[in-house]
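One file, upload-v9.csv, carrying CSV, C-alpha atoms:
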```
chain,number,residue,atom,x,y,z
A,1,MET,CA,104.7,96.7,101.8
A,2,ALA,CA,103.4,94.8,98.7
A,3,GLU,CA,100.7,96.5,96.7
A,4,ALA,CA,97.3,94.8,96.7
A,5,THR,CA,96.4,92.9,93.5
A,6,LEU,CA,93.2,91.2,92.4
A,7,PRO,CA,93.7,87.8,90.8
A,8,ILE,CA,92.4,87.4,87.2
A,9,ASP,CA,91.0,84.0,86.5
A,10,TYR,CA,91.6,83.3,82.9
A,11,PRO,CA,92.4,79.9,81.1
A,12,CYS,CA,96.0,79.1,80.1
A,13,PHE,CA,97.5,81.4,82.8
A,14,GLU,CA,97.2,78.9,85.7
A,15,GLY,CA,100.0,79.3,88.2
A,16,ARG,CA,101.3,82.5,86.7
A,17,GLY,CA,99.9,85.1,89.1
A,18,LEU,CA,97.8,87.0,86.5
A,19,ALA,CA,96.4,89.9,88.4
A,20,LEU,CA,95.2,93.5,88.3
A,21,LYS,CA,96.8,96.3,90.2
A,22,PRO,CA,94.0,98.8,90.8
A,23,VAL,CA,94.3,102.5,90.1
A,24,GLY,CA,96.6,104.5,92.5
A,25,LEU,CA,96.9,108.1,93.2
A,26,TRP,CA,99.8,108.6,90.8
A,27,ARG,CA,99.4,105.7,88.4
A,28,GLY,CA,96.7,104.0,86.4
A,29,ALA,CA,95.6,100.4,86.7
A,30,ALA,CA,98.0,97.7,85.5
A,31,ILE,CA,98.0,94.0,84.8
A,32,VAL,CA,100.8,91.8,86.1
A,33,CYS,CA,101.9,88.3,85.3
A,34,ASP,CA,104.7,86.2,86.8
A,35,GLY,CA,105.2,89.1,89.2
A,36,GLN,CA,106.1,91.6,86.4
A,37,PRO,CA,103.9,94.3,84.8
A,38,LEU,CA,102.7,93.5,81.3
A,39,PRO,CA,103.7,95.7,78.4
A,40,ARG,CA,101.1,98.5,78.1
A,41,LYS,CA,99.8,100.3,75.1
A,42,LEU,CA,97.1,102.8,76.1
A,43,ARG,CA,94.7,100.6,78.0
A,44,THR,CA,95.7,97.3,76.5
A,45,PHE,CA,98.2,94.8,77.9
A,46,THR,CA,99.7,91.8,76.1
A,47,ALA,CA,100.8,88.6,77.8
A,48,LYS,CA,102.0,85.2,76.6
A,49,ASN,CA,99.8,82.4,77.9
A,50,ASN,CA,101.1,79.0,79.1
A,51,ALA,CA,101.2,77.8,75.4
A,52,GLY,CA,103.3,80.8,74.3
A,53,ALA,CA,100.5,82.6,72.4
A,54,ASP,CA,99.9,86.3,72.8
A,55,VAL,CA,96.7,87.3,74.6
A,56,VAL,CA,95.6,90.9,74.7
A,57,PHE,CA,93.7,92.3,77.7
A,58,LYS,CA,92.0,95.7,77.7
A,59,LEU,CA,90.9,97.6,80.7
A,60,THR,CA,87.4,99.1,80.5
A,61,GLY,CA,85.2,100.9,83.0
A,62,ILE,CA,84.1,104.2,84.3
A,63,PHE,CA,86.7,106.7,85.2
A,64,VAL,CA,85.6,107.1,88.9
A,65,ASP,CA,86.0,103.4,89.6
A,66,PRO,CA,89.5,102.4,90.8
A,67,ILE,CA,88.9,98.8,89.7
A,68,PRO,CA,88.3,98.5,86.0
A,69,GLN,CA,86.8,95.5,84.1
A,70,VAL,CA,89.3,93.3,82.2
A,71,GLN,CA,88.2,92.7,78.6
A,72,ALA,CA,89.7,89.4,77.5
A,73,PRO,CA,89.5,88.1,73.9
A,74,ASP,CA,86.4,86.0,74.6
A,75,ARG,CA,84.7,87.7,77.7
A,76,THR,CA,84.7,90.5,80.1
A,77,ILE,CA,86.1,89.7,83.6
A,78,GLN,CA,84.5,91.7,86.3
A,79,LEU,CA,86.8,91.8,89.4
A,80,ALA,CA,84.5,93.9,91.6
A,81,LYS,CA,80.7,94.4,91.9
A,82,PRO,CA,79.6,97.5,90.0
A,83,PHE,CA,78.9,100.6,92.0
A,84,ALA,CA,75.3,101.2,92.9
A,85,TRP,CA,73.7,104.5,91.9
A,86,TYR,CA,74.0,105.9,95.5
A,87,ASP,CA,77.8,105.1,95.4
A,88,TYR,CA,78.1,107.4,92.4
A,89,VAL,CA,76.3,110.1,94.3
A,90,VAL,CA,78.7,109.7,97.2
A,91,ILE,CA,81.7,109.9,94.8
A,92,VAL,CA,80.5,112.8,92.7
A,93,LEU,CA,78.9,115.0,95.4
A,94,PRO,CA,82.2,116.6,96.5
A,95,LEU,CA,82.6,117.9,93.0
A,96,ALA,CA,79.9,120.4,93.9
A,97,LEU,CA,82.8,122.4,95.4
A,98,ILE,CA,83.8,123.3,91.8
A,99,GLY,CA,80.6,125.4,91.5
A,100,LEU,CA,81.2,127.0,94.9
A,101,GLY,CA,85.0,127.5,94.8
A,102,GLY,CA,86.2,127.3,91.3
A,103,ALA,CA,89.7,125.8,90.8
A,104,LEU,CA,90.4,125.6,94.5
A,105,GLY,CA,87.0,124.0,95.1
A,106,GLY,CA,87.7,121.6,92.2
A,107,LEU,CA,91.0,120.6,93.7
A,108,CYS,CA,89.4,119.9,97.1
A,109,GLY,CA,86.4,118.2,95.6
A,110,GLY,CA,88.5,116.1,93.2
A,111,MET,CA,90.7,114.8,96.0
A,112,ALA,CA,87.5,114.0,98.0
A,113,ALA,CA,85.9,112.2,95.1
A,114,TYR,CA,89.0,110.2,94.5
A,115,THR,CA,89.2,109.3,98.2
A,116,ASN,CA,85.6,108.3,98.3
A,117,ALA,CA,85.9,106.0,95.3
A,118,GLN,CA,88.8,104.3,97.1
A,119,LEU,CA,86.9,104.1,100.3
A,120,LEU,CA,83.9,102.5,98.6
A,121,ARG,CA,86.1,99.8,97.2
A,122,SER,CA,87.8,99.2,100.5
A,123,ASN,CA,87.2,96.2,102.8
A,124,LEU,CA,85.5,98.3,105.5
A,125,THR,CA,82.0,97.4,106.5
A,126,PRO,CA,79.3,99.4,104.6
A,127,PRO,CA,78.3,101.7,107.5
A,128,ILE,CA,81.9,102.6,108.2
A,129,ARG,CA,82.6,103.2,104.4
A,130,TYR,CA,79.7,105.6,104.1
A,131,LEU,CA,80.5,107.4,107.4
A,132,ALA,CA,84.1,107.7,106.3
A,133,ALA,CA,83.0,109.1,102.9
A,134,LEU,CA,80.8,111.6,104.7
A,135,GLY,CA,83.8,112.6,106.8
A,136,VAL,CA,85.9,113.1,103.7
A,137,MET,CA,83.2,115.3,102.1
A,138,LEU,CA,83.0,117.4,105.3
A,139,ALA,CA,86.8,117.6,105.5
A,140,ALA,CA,87.0,118.7,101.9
A,141,GLY,CA,84.5,121.5,102.6
A,142,VAL,CA,86.5,122.6,105.7
A,143,VAL,CA,89.8,122.5,103.8
A,144,TRP,CA,88.3,124.5,101.0
A,145,LEU,CA,87.0,127.2,103.4
A,146,VAL,CA,90.4,127.4,105.2
A,147,LEU,CA,92.3,127.6,101.9
A,148,ALA,CA,89.9,130.2,100.5
A,149,ALA,CA,90.2,132.3,103.6
A,150,LEU,CA,94.0,132.1,103.4
A,151,PHE,CA,93.9,133.1,99.8
A,152,VAL,CA,91.6,136.1,100.4
A,153,ALA,CA,93.8,137.2,103.3
A,154,ALA,CA,96.9,136.9,101.1
A,155,ILE,CA,95.6,139.0,98.4
A,156,GLY,CA,94.2,141.6,100.8
A,157,ARG,CA,90.5,141.6,99.9
```
Take the structure in the file and give it back as structure tokens.
Amino acid sequence: MAEATLPIDYPCFEGRGLALKPVGLWRGAAIVCDGQPLPRKLRTFTAKNNAGADVVFKLTGIFVDPIPQVQAPDRTIQLAKPFAWYDYVVIVLPLALIGLGGALGGLCGGMAAYTNAQLLRSNLTPPIRYLAALGVMLAAGVVWLVLAALFVAAIGR
């Protein structure tokens, strides 16, 4: 199955398939052109435009957003609407498990935060997105409780 990409509309790249591959679980965001990933140096990517000149693109944004902005030489290209304040609450709320459960809570909360960010960027309708995010938060809490109980039982406390 082909990975989803978001087209980048930038002059002098017409017909070249310039696009962003959003953040994945095991990889960062990438820019592709002509079906190939562009050479990367930190968060910058260099491509040759239709005239053969180098154009440098930089990815910017907030770490919780799986779809970064693309900084071109002359403008910022926003490929997705910015998260609203309540979206950030939904994303960051599972991280409260860090305070409750230390490293184990951080693992469960971090996975839930990542999943919620992906859900909020999905094509689901808003009510379904938020209900699914709530389900992810509840599931993270249950998984943390089960893992904590197993850990306590294993060490014999």
Grab the CA of Val32 (chain A) to CA of Leu18 (chain A) distance for me, in Å with one decimal place. 5.7 Å
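For the residues A:Ala72, A:Ala154, A:Ala140, A:Leu147, ranking by smallest atom-to-atom distance to Leu93 (chain A) using all atoms listed in the file places A:Ala140 first.
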Distance in Å - CA of Leu145 (chain A) versus CA of Leu124 (chain A): 29.0 Å
Hey, can you check how far CA of Asp9 (chain A) sits from CA of Gly52 (chain A)? 17.6 Å
Can you tell me which residues surround region 62-69 of chain A at a distance of at most 6 Å, considering all atoms listed in the file, apart from same-chain residues fewer than 5 positions away, and format the answer as a PyMOL selection string? chain A and resi 22-23+77-78
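A cut-off of 9 Å from the point (99.2, 83.6, 89.2), with all atoms listed in the file, picks out the residues Pro7, Ile8, Asp9, Phe13, Glu14, Gly15, Arg16, Gly17, Leu18, Ala19, Val32, Cys33, Asp34 and Gly35 of chain A.
Closest approach to Leu79 (chain A) among A:Gly110, A:Pro11, A:Gly61, A:Pro37 is made by A:Gly61 (distances from only C-alpha atoms).
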At a cut-off of 8 Å, using only C-alpha atoms, what residues contact Thr46 (chain A)? Leave out same-chain residues fewer than 4 positions from it and give the result as a VMD selection string. chain A and resid 38 to 40 54 to 57
Would you list the residues near (77.8, 101.1, 101.1), meaning any protein, DNA or RNA residue with an atom at most 10 Å from that point in file coordinates, counting only C-alpha atoms, as a ChimeraX atom specification? /A:83-84,86-87,90,119-121,124-131,133
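Residue nearest Ala51 (chain A), chosen from A:Cys12, A:Leu134, A:Leu25, A:Val70 and counting all atoms listed in the file: A:Cys12.
In terms of minimum interatomic distance to Thr60 (chain A), A:Ala29 ranks closest within A:Ala47, A:Asn116, A:Ala29, A:Gly101, counting all atoms listed in the file.
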Using all atoms listed in the file, can you tell me which of A:Ile31, A:Val89, A:Leu59, A:Val152 comes closest to Thr76 (chain A)? A:Leu59
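For the set A:Ala132, A:Ala117, A:Ala148, A:Leu42, the residue with the smallest atom-to-atom gap to Ala103 (chain A) is A:Ala148, counting all atoms listed in the file.
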